[in-house]
$ cat my_file05.cif   # mmCIF, C-alpha atoms
data_structure
loop_
_atom_site.group_PDB
_atom_site.id
_atom_site.type_symbol
_atom_site.label_atom_id
_atom_site.label_comp_id
_atom_site.auth_asym_id
_atom_site.auth_seq_id
_atom_site.Cartn_x
_atom_site.Cartn_y
_atom_site.Cartn_z
ATOM 1 C CA MET A 1 3.597 22.820 38.130
ATOM 2 C CA SER A 2 3.721 19.052 37.524
ATOM 3 C CA ILE A 3 4.659 17.529 34.162
ATOM 4 C CA TYR A 4 1.078 16.318 33.810
ATOM 5 C CA ALA A 5 -0.291 19.821 34.417
ATOM 6 C CA LYS A 6 2.145 21.283 31.866
ATOM 7 C CA PHE A 7 1.004 18.654 29.363
ATOM 8 C CA LEU A 8 -2.645 19.608 29.937
ATOM 9 C CA VAL A 9 -1.819 23.270 29.348
ATOM 10 C CA LEU A 10 -0.009 22.383 26.099
ATOM 11 C CA VAL A 11 -2.951 20.274 24.942
ATOM 12 C CA ALA A 12 -5.389 23.052 25.798
ATOM 13 C CA LEU A 13 -3.270 25.534 23.832
ATOM 14 C CA ALA A 14 -3.025 23.146 20.891
ATOM 15 C CA CYS A 15 -6.806 22.719 20.786
ATOM 16 C CA THR A 16 -7.560 26.431 20.606
ATOM 17 C CA SER A 17 -6.483 29.500 18.728
ATOM 18 C CA VAL A 18 -3.609 31.179 20.499
ATOM 19 C CA SER A 19 -2.772 34.857 20.152
ATOM 20 C CA LEU A 20 0.841 35.662 20.847
ATOM 21 C CA SER A 21 0.448 39.428 20.361
ATOM 22 C CA HIS A 22 1.470 40.135 23.943
ATOM 23 C CA ILE A 23 4.895 38.598 23.263
ATOM 24 C CA LYS A 24 5.880 40.378 20.046
ATOM 25 C CA GLN A 25 5.284 43.854 18.671
ATOM 26 C CA THR A 26 3.495 42.493 15.596
ATOM 27 C CA PRO A 27 0.353 40.514 16.352
ATOM 28 C CA ILE A 28 0.746 36.862 15.472
ATOM 29 C CA HIS A 29 -2.178 34.508 15.368
ATOM 30 C CA ILE A 30 -1.534 30.768 15.361
ATOM 31 C CA GLU A 31 -4.304 28.212 15.057
ATOM 32 C CA ILE A 32 -3.359 24.666 15.860
ATOM 33 C CA GLY A 33 -5.983 22.021 15.466
ATOM 34 C CA TYR A 34 -4.906 19.205 17.741
ATOM 35 C CA GLN A 35 -7.606 16.840 16.518
ATOM 36 C CA GLU A 36 -6.799 17.628 12.880
ATOM 37 C CA SER A 37 -3.115 16.962 13.546
ATOM 38 C CA ILE A 38 -3.873 13.573 15.079
ATOM 39 C CA ILE A 39 -6.135 12.656 12.157
ATOM 40 C CA GLU A 40 -3.489 13.739 9.624
ATOM 41 C CA MET A 41 -0.773 11.756 11.407
ATOM 42 C CA ALA A 42 -2.985 8.661 11.420
ATOM 43 C CA ARG A 43 -3.769 9.158 7.729
ATOM 44 C CA GLN A 44 -0.082 9.436 6.890
ATOM 45 C CA GLN A 45 0.764 6.340 8.944
ATOM 46 C CA HIS A 46 -1.972 4.395 7.153
ATOM 47 C CA LEU A 47 -0.717 5.590 3.756
ATOM 48 C CA PHE A 48 2.862 4.615 4.635
ATOM 49 C CA LYS A 49 1.660 1.150 5.699
ATOM 50 C CA GLU A 50 -0.246 0.734 2.417
ATOM 51 C CA ILE A 51 2.807 1.817 0.378
ATOM 52 C CA ASP A 52 4.940 -0.605 2.387
ATOM 53 C CA CYS A 53 2.532 -3.505 1.706
ATOM 54 C CA LEU A 54 2.610 -2.777 -2.026
ATOM 55 C CA ALA A 55 6.400 -2.370 -2.024
ATOM 56 C CA ARG A 56 6.856 -5.716 -0.244
ATOM 57 C CA ASN A 57 4.508 -7.382 -2.723
ATOM 58 C CA ILE A 58 6.480 -5.965 -5.657
ATOM 59 C CA TYR A 59 9.727 -6.964 -3.958
ATOM 60 C CA TYR A 60 8.751 -10.584 -3.363
ATOM 61 C CA GLU A 61 6.804 -11.081 -6.598
ATOM 62 C CA ALA A 62 8.964 -9.179 -9.080
ATOM 63 C CA ARG A 63 12.212 -7.877 -7.603
ATOM 64 C CA GLY A 64 14.247 -9.392 -10.472
ATOM 65 C CA GLU A 65 11.921 -8.054 -13.157
ATOM 66 C CA SER A 66 12.089 -4.894 -15.237
ATOM 67 C CA GLU A 67 10.363 -1.729 -14.043
ATOM 68 C CA LYS A 68 7.494 -2.558 -16.427
ATOM 69 C CA GLY A 69 7.141 -6.015 -14.827
ATOM 70 C CA GLN A 70 7.198 -4.528 -11.348
ATOM 71 C CA LEU A 71 4.594 -1.933 -12.326
ATOM 72 C CA ALA A 72 2.394 -4.692 -13.768
ATOM 73 C CA VAL A 73 2.466 -6.509 -10.406
ATOM 74 C CA ALA A 74 1.667 -3.219 -8.655
ATOM 75 C CA GLN A 75 -1.195 -2.529 -11.065
ATOM 76 C CA VAL A 76 -2.738 -5.975 -10.519
ATOM 77 C CA THR A 77 -2.563 -5.430 -6.757
ATOM 78 C CA LEU A 78 -4.191 -1.991 -7.058
ATOM 79 C CA ASN A 79 -6.792 -3.298 -9.540
ATOM 80 C CA ARG A 80 -7.817 -5.825 -6.899
ATOM 81 C CA VAL A 81 -8.256 -3.044 -4.327
ATOM 82 C CA GLU A 82 -10.691 -1.335 -6.719
ATOM 83 C CA SER A 83 -12.647 -4.562 -7.359
ATOM 84 C CA SER A 84 -15.477 -5.791 -5.131
ATOM 85 C CA MET A 85 -14.075 -9.342 -5.525
ATOM 86 C CA PHE A 86 -11.130 -8.552 -3.231
ATOM 87 C CA PRO A 87 -10.407 -6.628 0.001
ATOM 88 C CA ASN A 88 -10.566 -2.837 -0.345
ATOM 89 C CA THR A 89 -7.097 -1.994 0.985
ATOM 90 C CA ILE A 90 -3.651 -2.764 -0.391
ATOM 91 C CA CYS A 91 -2.608 -4.611 2.772
ATOM 92 C CA GLY A 92 -5.908 -6.513 2.719
ATOM 93 C CA VAL A 93 -5.246 -7.653 -0.850
ATOM 94 C CA VAL A 94 -1.605 -8.559 -0.194
ATOM 95 C CA ASN A 95 -2.407 -10.487 2.987
ATOM 96 C CA GLU A 96 -5.578 -12.210 1.725
ATOM 97 C CA ARG A 97 -5.805 -15.906 2.548
ATOM 98 C CA TYR A 98 -8.427 -18.584 2.085
ATOM 99 C CA LEU A 99 -8.874 -22.296 2.743
ATOM 100 C CA VAL A 100 -8.738 -24.945 0.016
ATOM 101 C CA LYS A 101 -9.482 -28.472 1.236
ATOM 102 C CA GLY A 102 -8.500 -27.440 4.762
ATOM 103 C CA LYS A 103 -5.176 -25.917 3.671
ATOM 104 C CA GLU A 104 -4.454 -22.197 3.939
ATOM 105 C CA VAL A 105 -3.643 -20.601 0.581
ATOM 106 C CA CYS A 106 -2.353 -17.076 0.052
ATOM 107 C CA GLN A 107 -3.310 -14.874 -2.887
ATOM 108 C CA PHE A 108 0.374 -14.029 -3.231
ATOM 109 C CA SER A 109 2.506 -17.098 -2.624
ATOM 110 C CA TRP A 110 5.283 -15.306 -0.740
ATOM 111 C CA ARG A 111 2.849 -14.560 2.112
ATOM 112 C CA CYS A 112 2.644 -18.296 2.863
ATOM 113 C CA GLU A 113 6.357 -19.023 2.416
ATOM 114 C CA SER A 114 8.314 -19.434 5.625
ATOM 115 C CA THR A 115 11.459 -18.022 3.979
ATOM 116 C CA ALA A 116 9.879 -14.610 3.308
ATOM 117 C CA ASN A 117 10.576 -11.970 5.936
ATOM 118 C CA LYS A 118 7.017 -10.945 6.861
ATOM 119 C CA ASN A 119 8.364 -7.898 8.716
ATOM 120 C CA LEU A 120 10.574 -6.619 5.895
ATOM 121 C CA LEU A 121 10.296 -2.844 5.628
ATOM 122 C CA VAL A 122 11.238 -1.391 2.273
ATOM 123 C CA SER A 123 12.829 1.982 3.031
ATOM 124 C CA GLU A 124 11.596 5.178 1.388
ATOM 125 C CA SER A 125 14.888 5.504 -0.485
ATOM 126 C CA ASN A 126 14.508 2.051 -2.075
ATOM 127 C CA PRO A 127 13.544 2.217 -5.780
ATOM 128 C CA ILE A 128 10.781 -0.351 -5.185
ATOM 129 C CA PHE A 129 9.215 1.895 -2.520
ATOM 130 C CA GLN A 130 9.372 4.807 -4.972
ATOM 131 C CA LEU A 131 7.818 2.642 -7.691
ATOM 132 C CA ALA A 132 5.024 1.577 -5.306
ATOM 133 C CA TRP A 133 4.270 5.215 -4.432
ATOM 134 C CA HIS A 134 4.307 6.119 -8.143
ATOM 135 C CA ALA A 135 1.871 3.265 -8.890
ATOM 136 C CA ILE A 136 -0.531 4.369 -6.146
ATOM 137 C CA LYS A 137 -0.501 8.004 -7.267
ATOM 138 C CA ASN A 138 -0.933 7.112 -10.937
ATOM 139 C CA HIS A 139 -3.096 3.992 -10.740
ATOM 140 C CA PRO A 140 -6.070 5.406 -12.681
ATOM 141 C CA THR A 141 -3.806 6.146 -15.637
ATOM 142 C CA LEU A 142 -1.499 3.108 -15.536
ATOM 143 C CA THR A 143 -1.673 1.082 -18.732
ATOM 144 C CA VAL A 144 0.947 -1.608 -18.175
ATOM 145 C CA VAL A 145 -1.900 -4.139 -18.060
ATOM 146 C CA THR A 146 -5.648 -3.516 -18.323
ATOM 147 C CA GLN A 147 -7.655 -2.120 -15.407
ATOM 148 C CA ASP A 148 -9.501 -5.453 -15.139
ATOM 149 C CA THR A 149 -6.351 -7.589 -14.860
ATOM 150 C CA TYR A 150 -6.538 -9.314 -11.475
ATOM 151 C CA TRP A 151 -4.294 -12.370 -11.724
ATOM 152 C CA PHE A 152 -0.775 -13.330 -12.698
ATOM 153 C CA HIS A 153 1.630 -16.190 -12.233
ATOM 154 C CA ALA A 154 5.244 -16.984 -13.018
ATOM 155 C CA ASN A 155 5.739 -18.430 -16.490
ATOM 156 C CA TYR A 156 7.247 -21.628 -15.091
ATOM 157 C CA VAL A 157 4.020 -22.706 -13.351
ATOM 158 C CA SER A 158 0.673 -23.663 -14.839
ATOM 159 C CA PRO A 159 -2.122 -23.070 -12.322
ATOM 160 C CA SER A 160 -5.456 -24.771 -12.953
ATOM 161 C CA TRP A 161 -7.299 -21.450 -12.763
ATOM 162 C CA GLY A 162 -5.406 -20.149 -15.831
ATOM 163 C CA LYS A 163 -7.681 -21.979 -18.272
ATOM 164 C CA PHE A 164 -10.684 -20.078 -16.867
ATOM 165 C CA LYS A 165 -9.104 -16.650 -17.394
ATOM 166 C CA GLN A 166 -8.228 -14.565 -20.453
ATOM 167 C CA ARG A 167 -4.522 -13.996 -20.961
ATOM 168 C CA VAL A 168 -3.746 -10.270 -21.195
ATOM 169 C CA ALA A 169 0.043 -10.058 -21.341
ATOM 170 C CA LYS A 170 3.357 -11.724 -20.717
ATOM 171 C CA ILE A 171 5.830 -9.345 -19.116
ATOM 172 C CA ASP A 172 9.240 -10.636 -18.139
ATOM 173 C CA ASP A 173 8.666 -13.882 -16.220
ATOM 174 C CA HIS A 174 4.951 -13.347 -15.471
ATOM 175 C CA ILE A 175 1.724 -14.011 -17.349
ATOM 176 C CA PHE A 176 -1.227 -11.721 -16.583
ATOM 177 C CA TYR A 177 -4.964 -12.494 -16.807
ATOM 178 C CA ARG A 178 -8.418 -11.015 -16.557
ATOM 179 C CA GLN A 179 -11.851 -12.637 -16.282
ATOM 180 C CA LYS A 180 -13.116 -14.356 -19.468
#
$ encode --input "my_file05.cif" --output "structure tokens"
Amino acid sequence: MSIYAKFLVLVALACTSVSLSHIKQTPIHIEIGYQESIIEMARQQHLFKEIDCLARNIYYEARGESEKGQLAVAQVTLNRVESSMFPNTICGVVNERYLVKGKEVCQFSWRCESTANKNLLVSESNPIFQLAWHAIKNHPTLTVVTQDTYWFHANYVSPSWGKFKQRVAKIDDHIFYRQK
């Protein structure tokens, strides 16, 4: 039997219920849903990618900040995902760009900086990855900033948009805002 034929047999077995009672004394019934497995794997890969995008955003925006400051950055990112004003995925929010007078501008400045490693993967054992996962799981109950806080900047810059927003908090080296 060719390798391809063996693969087809394995796929056929994975897609159906298989009774192994003829092999053992005690009947064993195994149901493997191949399609469900593929869907679950894709879901987990998507979730990992979303956690990674949030972890990289926390890393580049607030890696020198306290846990509270890092959580505030995470909460702003997740608040944007929930808002119709921004993309509806974490990676969409983190990677969002727009043109101002013909120049590309990033929502998060590190995305436009050539010195940032765009392919940086924050490992699962990294505390920032753990913090990102915690923020995603607990977003509805996070109270570091308000649920309608969508903007922040470092305290050493003064963006023109700041005067059109309501200041919510100053945490570590960042100032956080919501719509007026």
$ closest_atom_pairs --input "my_file05.cif" --of "segment 118-174 of chain A" --to "segment 69-84 of chain A" --cutoff "7 Å" --atoms "only C-alpha atoms" --output "tab-separated table"
residue	atom	partner	partner_atom	distance
A:Ala132	CA	A:Ala74	CA	6.7
A:Ala135	CA	A:Ala74	CA	6.5
A:His139	CA	A:Gln75	CA	6.8
A:Val144	CA	A:Ala72	CA	5.6
A:Val145	CA	A:Ala72	CA	6.1
A:Gln147	CA	A:Asn79	CA	6.0
A:Asp148	CA	A:Asn79	CA	6.6
A:Thr149	CA	A:Val76	CA	5.9
A:Tyr150	CA	A:Val76	CA	5.1
A:Trp151	CA	A:Val76	CA	6.7
A:Ile171	CA	A:Gly69	CA	5.6
A:Asp172	CA	A:Gly69	CA	6.1
$ residues_around --input "my_file05.cif" --residues "His153 of chain A" --least-positions-apart "2" --cutoff "8 Å" --atoms "only C-alpha atoms" --output "VMD selection string"
chain A and resid 151 155 157 to 159 174 to 176
$ resolve_selection --input "my_file05.cif" --expression "the PyMOL selection byres ((chain A and resi 37-49) around 12)" --output "ChimeraX atom specification"
/A:11,14-15,31-36,50-56,89-92,94,119-124,129-130,132-133,136-137
$ atom_distance --input "my_file05.cif" --atom1 "atom CA of Val93 of chain A" --atom2 "atom CA of Tyr59 of chain A"
15.3 Å
$ closest_residue --input "my_file05.cif" --among "A:Tyr60, A:Glu65, A:Arg167, A:Gly162" --to "Thr115 of chain A" --atoms "all atoms listed in the file"
A:Tyr60
$ atom_distance --input "my_file05.cif" --atom1 "atom CA of Lys68 of chain A" --atom2 "atom CA of Leu131 of chain A"
10.2 Å
$ atom_distance --input "my_file05.cif" --atom1 "atom CA of Lys163 of chain A" --atom2 "atom CA of Arg178 of chain A"
11.1 Å
$ closest_residue --input "my_file05.cif" --among "A:Tyr177, A:Met85, A:Glu61, A:Phe152" --to "Phe164 of chain A" --atoms "all atoms listed in the file"
A:Tyr177
$ build_atoms --input "my_file05.cif" --residues "segment 124-143 of chain A" --atoms "N, CA and C atoms" --output "compact mmCIF listing (two decimals), keeping the file's coordinate frame"
# COMPACT_ATOMS: atom_id res chain seq x y z
N GLU A 124 12.08 4.16 2.33
CA GLU A 124 11.60 5.18 1.39
C GLU A 124 12.60 5.48 0.29
N SER A 125 13.87 5.23 0.53
CA SER A 125 14.89 5.50 -0.48
C SER A 125 15.03 4.35 -1.48
N ASN A 126 14.42 3.21 -1.19
CA ASN A 126 14.51 2.05 -2.08
C ASN A 126 13.72 2.32 -3.35
N PRO A 127 14.27 2.00 -4.52
CA PRO A 127 13.54 2.22 -5.78
C PRO A 127 12.19 1.50 -5.84
N ILE A 128 12.06 0.36 -5.18
CA ILE A 128 10.78 -0.35 -5.18
C ILE A 128 9.74 0.42 -4.38
N PHE A 129 10.14 1.05 -3.28
CA PHE A 129 9.22 1.90 -2.52
C PHE A 129 8.76 3.06 -3.40
N GLN A 130 9.70 3.68 -4.08
CA GLN A 130 9.37 4.81 -4.97
C GLN A 130 8.43 4.36 -6.09
N LEU A 131 8.68 3.18 -6.64
CA LEU A 131 7.82 2.64 -7.69
C LEU A 131 6.41 2.37 -7.15
N ALA A 132 6.33 1.84 -5.93
CA ALA A 132 5.02 1.58 -5.31
C ALA A 132 4.25 2.88 -5.12
N TRP A 133 4.92 3.92 -4.63
CA TRP A 133 4.27 5.22 -4.43
C TRP A 133 3.82 5.78 -5.77
N HIS A 134 4.66 5.67 -6.79
CA HIS A 134 4.31 6.12 -8.14
C HIS A 134 3.06 5.38 -8.64
N ALA A 135 3.02 4.07 -8.44
CA ALA A 135 1.87 3.26 -8.89
C ALA A 135 0.58 3.69 -8.19
N ILE A 136 0.66 3.94 -6.90
CA ILE A 136 -0.53 4.37 -6.15
C ILE A 136 -1.02 5.72 -6.66
N LYS A 137 -0.12 6.66 -6.81
CA LYS A 137 -0.50 8.00 -7.27
C LYS A 137 -1.07 7.99 -8.68
N ASN A 138 -0.56 7.10 -9.52
CA ASN A 138 -0.93 7.11 -10.94
C ASN A 138 -1.82 5.94 -11.36
N HIS A 139 -2.34 5.19 -10.40
CA HIS A 139 -3.10 3.99 -10.74
C HIS A 139 -4.18 4.21 -11.78
N PRO A 140 -5.00 5.25 -11.68
CA PRO A 140 -6.07 5.41 -12.68
C PRO A 140 -5.56 5.54 -14.12
N THR A 141 -4.32 5.96 -14.28
CA THR A 141 -3.81 6.15 -15.64
C THR A 141 -2.76 5.11 -16.04
N LEU A 142 -2.47 4.15 -15.18
CA LEU A 142 -1.50 3.11 -15.54
C LEU A 142 -2.07 2.23 -16.64
N THR A 143 -1.23 1.91 -17.61
CA THR A 143 -1.67 1.08 -18.73
C THR A 143 -0.71 -0.07 -19.01
